[in-house]
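**Q** File follows, target.csv with CSV, C-alpha atoms:
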chain,number,residue,atom,x,y,z
A,1,MET,CA,86.4,109.1,100.7
A,2,LEU,CA,87.2,106.2,103.0
A,3,TYR,CA,90.8,105.9,101.7
A,4,ASN,CA,91.7,109.4,102.9
A,5,LEU,CA,90.1,108.8,106.3
A,6,VAL,CA,92.3,105.7,106.7
A,7,ILE,CA,95.4,107.7,105.6
A,8,TYR,CA,94.7,110.4,108.2
A,9,LEU,CA,94.1,107.8,110.9
A,10,TYR,CA,97.4,106.1,109.9
A,11,LEU,CA,99.1,109.5,110.0
A,12,TRP,CA,97.9,110.0,113.5
A,13,GLY,CA,99.0,106.5,114.5
A,14,VAL,CA,102.5,107.1,113.1
A,15,ALA,CA,102.8,110.4,115.0
A,16,VAL,CA,101.9,108.6,118.2
A,17,ALA,CA,104.2,105.6,117.5
A,18,SER,CA,107.1,108.0,116.7
A,19,LEU,CA,107.2,108.9,120.4
A,20,PHE,CA,108.1,105.3,121.3
A,21,SER,CA,109.9,103.8,118.3
A,22,PRO,CA,113.2,105.1,116.8
A,23,LYS,CA,112.4,103.5,113.5
A,24,VAL,CA,109.0,105.1,113.2
A,25,ARG,CA,110.5,108.4,114.4
A,26,ARG,CA,113.0,108.4,111.6
A,27,MET,CA,110.3,107.8,109.1
A,28,TRP,CA,108.1,110.5,110.6
A,29,ARG,CA,110.9,113.1,110.6
A,30,GLY,CA,112.1,112.0,107.1
A,31,GLU,CA,108.6,112.5,105.6
A,32,ARG,CA,108.2,115.9,107.1
A,33,ALA,CA,111.7,116.9,106.0
A,34,ALA,CA,111.1,115.8,102.4
A,35,PHE,CA,109.6,119.1,101.3
A,36,SER,CA,112.6,121.0,102.5
A,37,VAL,CA,114.9,118.6,100.7
A,38,LEU,CA,112.9,119.1,97.5
A,39,ARG,CA,112.8,122.9,97.8
A,40,GLU,CA,116.6,122.8,98.2
A,41,LYS,CA,117.6,120.3,95.5
A,42,VAL,CA,115.0,120.3,92.7
A,43,ASP,CA,116.2,122.1,89.6
A,44,PRO,CA,113.0,123.8,88.1
A,45,THR,CA,114.5,123.7,84.6
A,46,ALA,CA,115.2,120.0,84.6
A,47,ARG,CA,113.1,117.0,83.6
A,48,TYR,CA,112.7,114.4,86.3
A,49,ALA,CA,112.1,110.7,86.1
A,50,TRP,CA,110.6,109.7,89.5
A,51,ILE,CA,111.2,106.2,90.8
A,52,HIS,CA,109.3,105.2,94.0
A,53,ALA,CA,110.2,102.1,96.0
A,54,ALA,CA,108.6,101.2,99.3
A,55,SER,CA,111.7,99.7,100.8
A,56,LEU,CA,115.1,98.2,100.1
A,57,GLY,CA,113.8,95.1,98.2
A,58,GLU,CA,111.7,97.2,95.8
A,59,PHE,CA,114.7,99.5,95.3
A,60,GLU,CA,116.7,96.5,94.2
A,61,GLN,CA,114.0,95.8,91.6
A,62,GLY,CA,114.0,99.4,90.5
A,63,ARG,CA,117.7,99.9,90.4
A,64,PRO,CA,118.3,98.3,86.9
A,65,ILE,CA,115.7,100.8,85.6
A,66,ILE,CA,117.4,103.7,87.2
A,67,GLU,CA,120.9,102.8,86.0
A,68,ARG,CA,119.7,102.1,82.5
A,69,LEU,CA,117.9,105.4,82.4
A,70,ARG,CA,121.2,107.1,83.4
A,71,GLN,CA,122.9,105.5,80.4
A,72,THR,CA,120.3,105.9,77.7
A,73,HIS,CA,118.5,109.1,78.8
A,74,PRO,CA,121.1,111.4,80.5
A,75,GLU,CA,118.8,114.3,79.9
A,76,TYR,CA,116.6,113.2,82.8
A,77,LYS,CA,117.4,113.8,86.4
A,78,ILE,CA,116.5,111.0,88.8
A,79,LEU,CA,114.3,111.4,91.9
A,80,LEU,CA,114.2,108.3,94.1
A,81,THR,CA,111.7,108.1,97.0
A,82,PHE,CA,111.2,105.6,99.7
A,83,PHE,CA,108.4,104.9,102.1
A,84,SER,CA,110.3,102.8,104.7
A,85,PRO,CA,113.3,103.7,106.7
A,86,SER,CA,114.8,100.3,105.9
A,87,GLY,CA,115.1,101.5,102.3
A,88,TYR,CA,115.9,105.2,102.8
A,89,GLU,CA,118.5,104.8,105.6
A,90,VAL,CA,120.5,102.2,103.6
A,91,ARG,CA,120.3,104.0,100.2
A,92,LYS,CA,120.1,107.7,101.1
A,93,ASP,CA,123.6,108.3,99.7
A,94,TYR,CA,122.9,106.3,96.5
A,95,GLN,CA,124.9,108.0,93.7
A,96,GLY,CA,122.6,106.8,90.9
A,97,ALA,CA,119.9,109.4,91.8
A,98,ASP,CA,120.1,113.2,91.9
A,99,ILE,CA,117.7,113.4,94.8
A,100,VAL,CA,116.9,110.7,97.4
A,101,CYS,CA,114.2,111.4,100.0
A,102,TYR,CA,111.1,110.0,101.8
A,103,LEU,CA,107.8,110.1,100.1
A,104,PRO,CA,105.4,112.1,102.3
A,105,LEU,CA,102.3,110.1,103.3
A,106,ASP,CA,99.6,110.1,100.6
A,107,THR,CA,97.2,112.8,101.9
A,108,PRO,CA,95.7,115.1,99.2
A,109,ILE,CA,97.7,118.1,100.5
A,110,ASN,CA,101.0,116.2,100.6
A,111,ALA,CA,100.5,114.9,97.1
A,112,ILE,CA,99.7,118.4,95.7
A,113,ARG,CA,102.7,120.0,97.5
A,114,PHE,CA,105.1,117.2,96.4
A,115,LEU,CA,104.1,117.2,92.8
A,116,ARG,CA,104.1,121.0,92.6
A,117,LEU,CA,107.7,120.9,93.7
A,118,VAL,CA,108.9,118.1,91.5
A,119,ARG,CA,106.7,118.2,88.4
A,120,PRO,CA,108.0,114.8,87.1
A,121,SER,CA,108.0,114.1,83.4
A,122,VAL,CA,107.6,110.3,84.0
A,123,ALA,CA,107.1,108.1,87.0
A,124,PHE,CA,107.9,104.5,87.8
A,125,PHE,CA,106.2,102.8,90.8
A,126,ILE,CA,107.9,99.5,91.8
A,127,LYS,CA,105.8,96.4,92.5
A,128,TYR,CA,103.1,97.1,95.1
A,129,GLU,CA,103.0,100.9,95.2
A,130,PHE,CA,99.4,102.2,94.6
A,131,TRP,CA,99.1,105.6,96.3
A,132,TYR,CA,95.7,107.0,95.4
A,133,ASN,CA,96.2,110.7,95.6
A,134,TYR,CA,99.6,110.9,94.0
A,135,LEU,CA,98.5,108.7,91.1
A,136,HIS,CA,95.2,110.6,90.4
A,137,ILE,CA,97.1,113.9,90.3
A,138,LEU,CA,99.7,112.4,88.0
A,139,LYS,CA,97.0,111.2,85.7
A,140,HIS,CA,95.2,114.5,85.8
A,141,ARG,CA,98.5,116.1,84.7
A,142,ASN,CA,99.0,113.6,81.9
A,143,VAL,CA,102.2,112.3,83.4
A,144,PRO,CA,103.1,108.8,82.1
A,145,VAL,CA,103.2,106.4,85.1
A,146,TYR,CA,104.5,102.8,84.8
A,147,SER,CA,104.1,100.0,87.3
A,148,VAL,CA,107.2,97.9,87.2
A,149,SER,CA,107.6,94.2,88.2
A,150,SER,CA,104.1,94.3,89.7
A,151,ILE,CA,102.3,91.1,90.6
A,152,PHE,CA,98.6,90.6,91.5
A,153,ARG,CA,96.7,87.9,93.3
A,154,PRO,CA,93.0,87.3,93.7
A,155,ASP,CA,93.0,88.0,97.4
A,156,GLN,CA,94.2,91.6,96.9
A,157,VAL,CA,91.8,94.4,97.8
A,158,PHE,CA,91.3,95.5,94.2
A,159,PHE,CA,89.5,92.2,93.3
A,160,ARG,CA,87.2,92.2,96.3
A,161,TRP,CA,83.7,93.7,96.2
A,162,TYR,CA,84.6,96.1,99.0
A,163,GLY,CA,87.8,97.3,97.2
A,164,ARG,CA,86.3,98.3,93.9
A,165,GLN,CA,86.3,102.0,94.6
A,166,TYR,CA,90.0,102.0,95.7
A,167,GLY,CA,90.7,99.7,92.7
A,168,ARG,CA,90.1,102.7,90.4
A,169,VAL,CA,93.6,103.8,91.3
A,170,LEU,CA,94.9,101.1,88.9
A,171,LYS,CA,93.4,103.0,86.0
A,172,CYS,CA,95.8,105.9,86.7
A,173,PHE,CA,98.7,103.9,85.3
A,174,THR,CA,99.8,104.3,81.7
A,175,HIS,CA,101.0,100.7,81.5
A,176,PHE,CA,101.7,97.7,83.8
A,177,TYR,CA,104.8,95.6,83.3
A,178,VAL,CA,103.8,92.5,85.3
A,179,GLN,CA,105.6,89.4,86.4
A,180,ASN,CA,103.1,86.7,85.3
A,181,GLU,CA,100.1,85.7,83.3
A,182,GLU,CA,97.8,85.6,86.3
A,183,SER,CA,98.4,89.2,87.0
A,184,LYS,CA,97.5,90.1,83.4
A,185,LEU,CA,94.3,88.1,83.6
A,186,LEU,CA,93.2,89.7,86.9
A,187,LEU,CA,93.8,93.2,85.6
A,188,ALA,CA,91.7,92.3,82.5
A,189,LYS,CA,88.8,91.5,84.8
A,190,LEU,CA,88.9,95.2,85.8
A,191,GLY,CA,89.0,96.3,82.2
A,192,ILE,CA,92.7,97.1,82.3
A,193,THR,CA,94.5,96.0,79.2
A,194,ASP,CA,97.6,98.1,79.0
A,195,VAL,CA,99.6,95.3,80.4
A,196,SER,CA,102.7,93.4,79.3
A,197,ILE,CA,104.3,90.4,80.9
A,198,THR,CA,108.0,91.2,81.2
A,199,GLY,CA,109.0,89.3,84.3
A,200,ASP,CA,110.9,90.6,87.4
A,201,THR,CA,113.7,93.1,87.2
A,202,ARG,CA,115.3,91.5,90.3
A,203,PHE,CA,116.7,88.7,88.1
A,204,ASP,CA,118.6,91.4,86.1
A,205,ARG,CA,119.7,93.0,89.4
A,206,VAL,CA,121.2,89.8,90.9
A,207,LEU,CA,123.2,89.2,87.8
A,208,GLN,CA,124.6,92.7,88.2
A,209,ILE,CA,125.4,92.0,91.9
A,210,LYS,CA,127.1,88.8,91.0
A,211,GLU,CA,129.3,90.6,88.5
A,212,GLN,CA,130.2,93.3,91.1
A,213,ALA,CA,130.7,90.8,94.0
A,214,LYS,CA,133.4,91.7,96.5
A,215,ARG,CA,136.4,89.5,97.5
A,216,LEU,CA,136.3,89.0,101.2
A,217,PRO,CA,139.6,87.9,102.6
A,218,VAL,CA,138.2,87.1,106.1
A,219,VAL,CA,135.5,84.8,104.5
A,220,GLU,CA,138.1,83.2,102.1
A,221,HIS,CA,140.4,82.3,105.0
A,222,PHE,CA,137.4,81.0,107.0
A,223,VAL,CA,136.2,78.8,104.3
A,224,GLY,CA,139.5,77.2,103.2
A,225,ASP,CA,138.8,73.8,101.6
A,226,SER,CA,135.7,73.1,103.7
A,227,PRO,CA,132.1,72.8,102.5
A,228,VAL,CA,130.1,75.7,103.7
A,229,PHE,CA,126.4,76.3,104.6
A,230,VAL,CA,125.4,80.0,104.4
A,231,ALA,CA,122.3,81.2,106.3
A,232,GLY,CA,121.3,84.6,105.1
A,233,SER,CA,118.7,87.0,106.6
A,234,SER,CA,117.9,84.5,109.3
A,235,TRP,CA,115.5,85.0,112.2
A,236,GLN,CA,115.3,83.2,115.5
A,237,PRO,CA,112.9,80.4,114.2
A,238,ASP,CA,115.2,79.8,111.3
A,239,GLU,CA,118.2,79.6,113.6
A,240,ASP,CA,116.4,77.1,115.8
A,241,VAL,CA,116.2,74.8,112.8
A,242,PHE,CA,119.7,74.9,111.4
A,243,ILE,CA,122.0,75.6,114.4
A,244,PRO,CA,121.2,72.3,116.2
A,245,PHE,CA,122.0,70.4,113.0
A,246,PHE,CA,125.4,72.1,112.5
A,247,ASN,CA,126.3,71.7,116.2
A,248,GLU,CA,126.4,68.0,115.4
A,249,HIS,CA,127.8,68.1,111.8
A,250,LYS,CA,131.1,69.9,112.4
A,251,ASP,CA,132.6,68.7,109.1
A,252,TRP,CA,130.8,71.6,107.4
A,253,LYS,CA,131.5,75.2,108.3
A,254,LEU,CA,128.6,77.6,109.0
A,255,ILE,CA,128.2,81.3,108.1
A,256,ILE,CA,125.2,83.1,109.7
A,257,ALA,CA,124.2,86.5,108.4
A,258,PRO,CA,121.1,87.4,110.5
A,259,HIS,CA,118.4,89.7,109.3
A,260,VAL,CA,118.5,91.7,112.6
A,261,ILE,CA,122.0,92.7,113.6
A,262,GLY,CA,121.6,93.8,117.2
A,263,GLU,CA,123.6,92.8,120.2
A,264,ASP,CA,120.7,91.0,121.8
A,265,HIS,CA,120.1,88.8,118.8
A,266,LEU,CA,123.8,88.2,118.2
A,267,ARG,CA,124.2,87.1,121.8
A,268,GLN,CA,121.2,84.8,121.4
A,269,ILE,CA,122.9,83.2,118.4
A,270,LEU,CA,126.2,82.7,120.2
A,271,SER,CA,124.4,81.1,123.1
A,272,LYS,CA,123.0,78.4,120.8
A,273,LEU,CA,126.3,77.5,119.0
A,274,ASP,CA,128.5,74.7,120.2
A,275,ARG,CA,131.3,75.6,117.8
A,276,LYS,CA,134.3,77.8,117.7
A,277,THR,CA,132.7,81.1,116.5
A,278,VAL,CA,134.0,84.5,115.4
A,279,ARG,CA,132.3,87.7,114.4
A,280,TYR,CA,133.2,89.2,111.1
A,281,THR,CA,134.0,92.7,112.4
A,282,GLN,CA,136.0,91.4,115.4
A,283,THR,CA,138.3,88.9,113.7
A,284,THR,CA,141.3,88.7,111.3
A,285,PRO,CA,141.7,86.4,108.3
A,286,GLU,CA,144.1,84.2,110.4
A,287,GLN,CA,141.7,83.9,113.3
A,288,ALA,CA,138.8,83.2,111.0
A,289,ALA,CA,140.7,80.3,109.4
A,290,GLN,CA,140.7,78.5,112.8
A,291,ALA,CA,136.9,79.0,113.4
A,292,ASP,CA,134.0,76.7,112.6
A,293,CYS,CA,131.3,79.4,112.5
A,294,LEU,CA,131.4,83.0,111.2
A,295,ILE,CA,128.7,85.5,112.2
A,296,ILE,CA,128.3,88.4,109.8
A,297,ASP,CA,127.6,91.3,112.1
A,298,CYS,CA,127.4,94.1,109.5
A,299,PHE,CA,125.3,94.9,106.5
A,300,GLY,CA,126.2,94.9,102.8
A,301,LEU,CA,128.1,91.6,102.4
A,302,LEU,CA,125.5,88.9,102.1
A,303,SER,CA,125.1,88.9,98.3
A,304,SER,CA,128.9,88.4,98.0
A,305,ILE,CA,129.1,85.8,100.8
A,306,TYR,CA,126.7,83.4,99.0
A,307,HIS,CA,129.5,82.9,96.5
A,308,TYR,CA,131.5,81.0,99.2
A,309,GLY,CA,128.6,78.6,100.0
A,310,ASN,CA,127.8,75.1,98.9
A,311,VAL,CA,124.2,75.3,100.2
A,312,ALA,CA,122.2,78.5,101.1
A,313,TYR,CA,119.4,79.0,103.5
A,314,VAL,CA,117.3,82.1,103.2
A,315,GLY,CA,115.4,83.2,106.3
A,316,GLY,CA,112.0,84.6,106.9
A,317,GLY,CA,110.0,81.6,105.9
A,318,PHE,CA,108.8,80.9,109.4
A,319,GLY,CA,107.6,84.4,109.8
A,320,VAL,CA,106.2,87.2,107.5
A,321,GLY,CA,107.8,85.7,104.4
A,322,ILE,CA,111.1,84.7,102.9
A,323,HIS,CA,113.8,87.2,101.9
A,324,ASN,CA,115.7,87.4,98.6
A,325,VAL,CA,116.4,83.8,97.4
A,326,LEU,CA,117.7,85.0,94.0
A,327,GLU,CA,120.9,86.5,95.6
A,328,ALA,CA,121.8,83.0,96.6
A,329,ALA,CA,120.5,81.1,93.6
A,330,VAL,CA,122.5,83.2,91.1
A,331,TRP,CA,125.7,81.5,92.5
A,332,ASP,CA,124.6,78.0,91.3
A,333,ILE,CA,123.9,76.6,94.8
A,334,PRO,CA,120.7,75.0,96.1
A,335,VAL,CA,118.5,77.3,98.2
A,336,VAL,CA,116.6,76.1,101.3
A,337,PHE,CA,113.7,78.2,102.9
A,338,GLY,CA,110.8,77.9,105.2
A,339,PRO,CA,107.1,77.3,104.4
A,340,ASN,CA,105.9,80.9,104.1
A,341,ASN,CA,106.9,81.2,100.4
A,342,LYS,CA,103.6,80.8,98.5
A,343,HIS,CA,103.3,84.4,97.5
A,344,PHE,CA,106.9,84.6,96.3
A,345,GLN,CA,107.0,83.7,92.6
A,346,GLU,CA,110.8,83.4,92.5
A,347,ALA,CA,110.7,80.8,95.3
A,348,GLN,CA,107.9,78.9,93.5
A,349,GLY,CA,110.0,78.9,90.4
A,350,LEU,CA,113.0,77.5,92.2
A,351,LEU,CA,110.9,74.8,93.8
A,352,ALA,CA,109.4,73.9,90.4
A,353,ARG,CA,112.9,73.7,88.8
A,354,GLY,CA,114.4,71.7,91.6
A,355,GLY,CA,116.9,74.4,92.7
A,356,GLY,CA,115.0,75.3,95.8
A,357,PHE,CA,113.7,73.3,98.8
A,358,GLU,CA,111.0,74.0,101.3
A,359,ILE,CA,111.4,72.8,104.8
A,360,ALA,CA,108.5,73.0,107.4
A,361,ALA,CA,110.3,71.6,110.5
A,362,GLU,CA,113.7,70.6,111.9
A,363,ASP,CA,113.2,66.9,110.7
A,364,ASP,CA,112.6,68.1,107.1
A,365,PHE,CA,115.8,70.1,107.3
A,366,LYS,CA,117.8,67.2,108.6
A,367,ARG,CA,116.6,64.8,105.9
A,368,LEU,CA,117.4,67.3,103.1
A,369,MET,CA,120.8,68.2,104.5
A,370,ASP,CA,121.7,64.5,104.9
A,371,ARG,CA,121.1,64.0,101.3
A,372,LEU,CA,122.9,67.2,100.1
A,373,MET,CA,125.9,66.3,102.2
A,374,THR,CA,126.2,62.7,101.0
A,375,ASP,CA,125.0,62.8,97.4
A,376,SER,CA,127.4,65.0,95.5
A,377,ASP,CA,125.5,64.6,92.2
A,378,PHE,CA,122.3,65.8,93.8
A,379,LEU,CA,124.1,68.7,95.4
A,380,ARG,CA,125.7,69.7,92.1
A,381,GLU,CA,122.6,69.2,90.0
A,382,SER,CA,120.4,71.2,92.4
A,383,GLY,CA,122.8,74.1,92.3
A,384,ARG,CA,122.9,74.0,88.5
A,385,ARG,CA,119.1,74.1,88.4
A,386,ALA,CA,119.0,77.1,90.7
A,387,GLY,CA,121.5,79.1,88.6
A,388,ASP,CA,119.8,78.1,85.3
A,389,PHE,CA,116.4,79.3,86.7
A,390,VAL,CA,117.8,82.8,87.4
A,391,LYS,CA,119.5,83.0,84.0
A,392,SER,CA,116.3,82.0,82.2
A,393,CYS,CA,114.3,84.8,83.8
A,394,THR,CA,116.5,87.8,83.0
A,395,GLY,CA,115.8,90.5,80.5
A,396,ALA,CA,112.8,92.4,82.1
A,397,THR,CA,114.7,95.7,82.2
A,398,ASP,CA,115.4,95.6,78.4
A,399,LYS,CA,111.7,94.7,77.7
A,400,ILE,CA,110.4,97.5,79.8
A,401,LEU,CA,112.6,100.3,78.6
A,402,ALA,CA,112.2,99.2,75.0
A,403,ALA,CA,108.5,99.8,75.4
A,404,VAL,CA,108.4,102.9,77.6
A,405,GLN,CA,108.1,106.1,75.6
A,406,LEU,CA,110.4,108.8,76.8
A,407,ALA,CA,110.4,112.2,75.1
Show me this structure written as structure tokens.
**A**
Amino acid sequence: MLYNLVIYLYLWGVAVASLFSPKVRRMWRGERAAFSVLREKVDPTARYAWIHAASLGEFEQGRPIIERLRQTHPEYKILLTFFSPSGYEVRKDYQGADIVCYLPLDTPINAIRFLRLVRPSVAFFIKYEFWYNYLHILKHRNVPVYSVSSIFRPDQVFFRWYGRQYGRVLKCFTHFYVQNEESKLLLAKLGITDVSITGDTRFDRVLQIKEQAKRLPVVEHFVGDSPVFVAGSSWQPDEDVFIPFFNEHKDWKLIIAPHVIGEDHLRQILSKLDRKTVRYTQTTPEQAAQADCLIIDCFGLLSSIYHYGNVAYVGGGFGVGIHNVLEAAVWDIPVVFGPNNKHFQEAQGLLARGGGFEIAAEDDFKRLMDRLMTDSDFLRESGRRAGDFVKSCTGATDKILAAVQLA
């Protein structure tokens, strides 16, 4: 069928791209090594719950499911698979799973080999994962498969005339736990009714992250008694919006945690700043206290750093799409982001509640920040609305696992 032809063409493209791209090469090698990992680590006498996440963001959605399964069903071992290096390379040592590996590309042969090695008792696919061959084999073997925190839109291939054949893959799922009513209605048009609206498990996850937040002495000394603007997961177009503003407004301190932490990008940021700036990994608490801008040049701290902010900016909205706004909103601070946010339900929810703000250009940002800086009631109320929105949307993990039938 056409799907398999596309997969094989993609496989060929990845093989060629691996010659030139270190990231693609890691994925290529990781997928090929997955079978060796499974042969070495799979316990043939155990029952496995398989959780598949494309990348790091989907892992964070699936993590509450994994950790709850650990608590309530210790008789299951956990297999966690990733498609993207940005997920696997960060979480390959995750202690909540018994086995962590790449998912080999969805060719018929790979799917057969993989499922012969693992023989999962149950599978959870997070959000957008719809691998045709894996899912059809799981259905043929009567393995329960659940789609978690999934969300559907009319422009997706399943709902186009040319995508109806591929859309049959959706009927391989035992049940869909979707984020909203629109998703349920769209699936109903395809005759799929095993659907429950449970919301997004990321809301549960960000509350967990808040409870586990780290104290960061360097950041605490840097902040002192000053108001702070935290820019998280920023890209160059985002930085071109907020850096000029804070070069002029030096009564606020600025923390920048860029999405890409590479020396070229860090030097680019430094060249634009007209403020005393230090890098997190190259400073001390005492030195940080004397600085106006702190650049976070390492991973794993952003969710805790939002705690120190009065206003947050989440990057990506001038590119492929915004990053995780919930990690900021959970700290009861207003969240600012760029215009590419329409397909992000959490951002739309923040906008509707008055806890999030979209800016399309530098002038928009200036007007918004002028008000947030001068109107303390507006600043406080916007932050409260952001936090209340997050709290009001929790509970998806409980709903899902209360409904899932595990033997």
**Q** Which residue gives the smallest distance to A:Val325 among A:Gln179, A:Thr283, A:Asn247, A:Ser233, with only C-alpha atoms counted?
**A** A:Ser233
**Q** Of the candidates A:Asp388, A:Glu327, A:Glu286, A:Asp370, which one gets nearest to A:Ala213 if we count all atoms listed in the file?
**A**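 The shortest atom-to-atom distance to A:Ala213 comes from A:Glu327.
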**Q** Please list, as a list in words, the residues that have an atom at most 8 Å away from (106.7, 110.0, 85.9) in the coordinates of this file, counting all atoms listed in the file.
**A**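 Result, sorted by chain then residue number: Tyr48, Ala49, Trp50, Ile51, Pro120, Ser121, Val122, Ala123, Phe124, Leu138, Val143, Pro144, Val145 and Tyr146 of chain A.
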**Q** Compare A:Ala329, A:Val311, A:Ala289, A:Ala53 by their minimum atom-to-atom distance to A:Ser86, counting only C-alpha atoms, and give me the closest one.
**A**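 Of the candidates, the smallest distance to A:Ser86 is held by A:Ala53.
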**Q** Pick out the closest residue to A:Phe229 from this set: A:His136, A:Lys253, A:Lys171, A:Lys272. Count only C-alpha atoms.
**A**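 With only C-alpha atoms as the atom set, the closest residue is A:Lys253.
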**Q** Need to verify the contact set: A:Gly316, 10 Å, all atoms listed in the file, exclusion of same-chain residues closer than 5 positions in sequence. Can you return it as a list in words?
**A**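 Counting all atoms listed in the file, the residues come to Gly232, Ser233, Ser234, Trp235, Gln236, Pro237, Asp238, His259, Gly321, Ile322, His323, Asn324, Phe337, Gly338, Pro339, Asn340 and Asn341 of chain A.
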**Q** Work out how far apart atom CA of A:Ser304 and atom CA of A:Val230 are and give it in Å to one decimal.
**A**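 Distance between the two atoms: 11.1 Å.
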**Q** Find the residues near A:Ile400: any atom within 10 Å, counting all atoms listed in the file, skip ones fewer than 5 places away on the same chain, and give them as a VMD selection string.
**A** chain A and resid 65 146 148 to 149 176 to 178 196 to 199 201 395 405
**Q** Using all atoms listed in the file, which protein or nucleic acid residues come within 7 Å of A:Ala312? Drop anything in the same chain fewer than 5 positions from it, and give the result as a ChimeraX atom specification.
**A** /A:229-231,306,328,333-336
**Q** Taking only C-alpha atoms into account, name the residue in A:Leu351, A:Ile243, A:Val314, A:Ala188 that is nearest to A:Ser382.
**A**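 So, comparing all the options, the nearest one is A:Leu351.
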**Q** What does the distance from atom CA of A:Val218 to atom CA of A:Gly315 come to in Å, to one decimal?
**A**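 Rounded to one decimal, the two atoms are 23.1 Å apart.
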**Q** Would you kindly return, as a list in words, each protein, DNA or RNA residue with an atom no farther than 9 Å from any atom of stretch 392-394 of chain A, considering only C-alpha atoms and excluding same-chain residues fewer than 2 positions away?
**A** Gly199, Asp200, Thr201, Arg202, Phe203, Asp204, Arg205, Leu207, Gly387, Asp388, Phe389, Val390, Ala396 and Thr397 of chain A
**Q** Go ahead and compute the interatomic distance for atom CA of A:Tyr76 and atom CA of A:Arg47, in Å to one decimal.
**A**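 Distance between the two atoms: 5.2 Å.
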**Q** Name the closest residue to A:Phe82 among the candidates A:Asp43, A:Glu67, A:Glu31, A:Asp98; distances are taken between atoms, counting only C-alpha atoms.
**A**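 The closest residue to A:Phe82 is A:Glu31.
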**Q** Mind listing whatever residues come within 10 Å of the point (116.7, 120.7, 90.8)? Use only C-alpha atoms, file coordinates, and give them as a ChimeraX atom specification.
**A** /A:38-48,77-79,98-99,117-118
**Q** May I have the residues from that selection written out with C-alpha atoms, as a JSON list (two decimals), keeping the file's coordinate frame?
**A**
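New file result.json:
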[["chain", "number", "residue", "atom", "x", "y", "z"],
["A", 38, "LEU", "CA", 112.90, 119.10, 97.50],
["A", 39, "ARG", "CA", 112.80, 122.90, 97.80],
["A", 40, "GLU", "CA", 116.60, 122.80, 98.20],
["A", 41, "LYS", "CA", 117.60, 120.30, 95.50],
["A", 42, "VAL", "CA", 115.00, 120.30, 92.70],
["A", 43, "ASP", "CA", 116.20, 122.10, 89.60],
["A", 44, "PRO", "CA", 113.00, 123.80, 88.10],
["A", 45, "THR", "CA", 114.50, 123.70, 84.60],
["A", 46, "ALA", "CA", 115.20, 120.00, 84.60],
["A", 47, "ARG", "CA", 113.10, 117.00, 83.60],
["A", 48, "TYR", "CA", 112.70, 114.40, 86.30],
["A", 77, "LYS", "CA", 117.40, 113.80, 86.40],
["A", 78, "ILE", "CA", 116.50, 111.00, 88.80],
["A", 79, "LEU", "CA", 114.30, 111.40, 91.90],
["A", 98, "ASP", "CA", 120.10, 113.20, 91.90],
["A", 99, "ILE", "CA", 117.70, 113.40, 94.80],
["A", 117, "LEU", "CA", 107.70, 120.90, 93.70],
["A", 118, "VAL", "CA", 108.90, 118.10, 91.50]]
**Q** Quick one: residues within 10 Å of stretch 165-169 of chain A, all atoms listed in the file counted, chain neighbours fewer than 6 positions away excluded, as a PyMOL selection string?
**A** chain A and resi 1-3+130-136+139+156-159+190
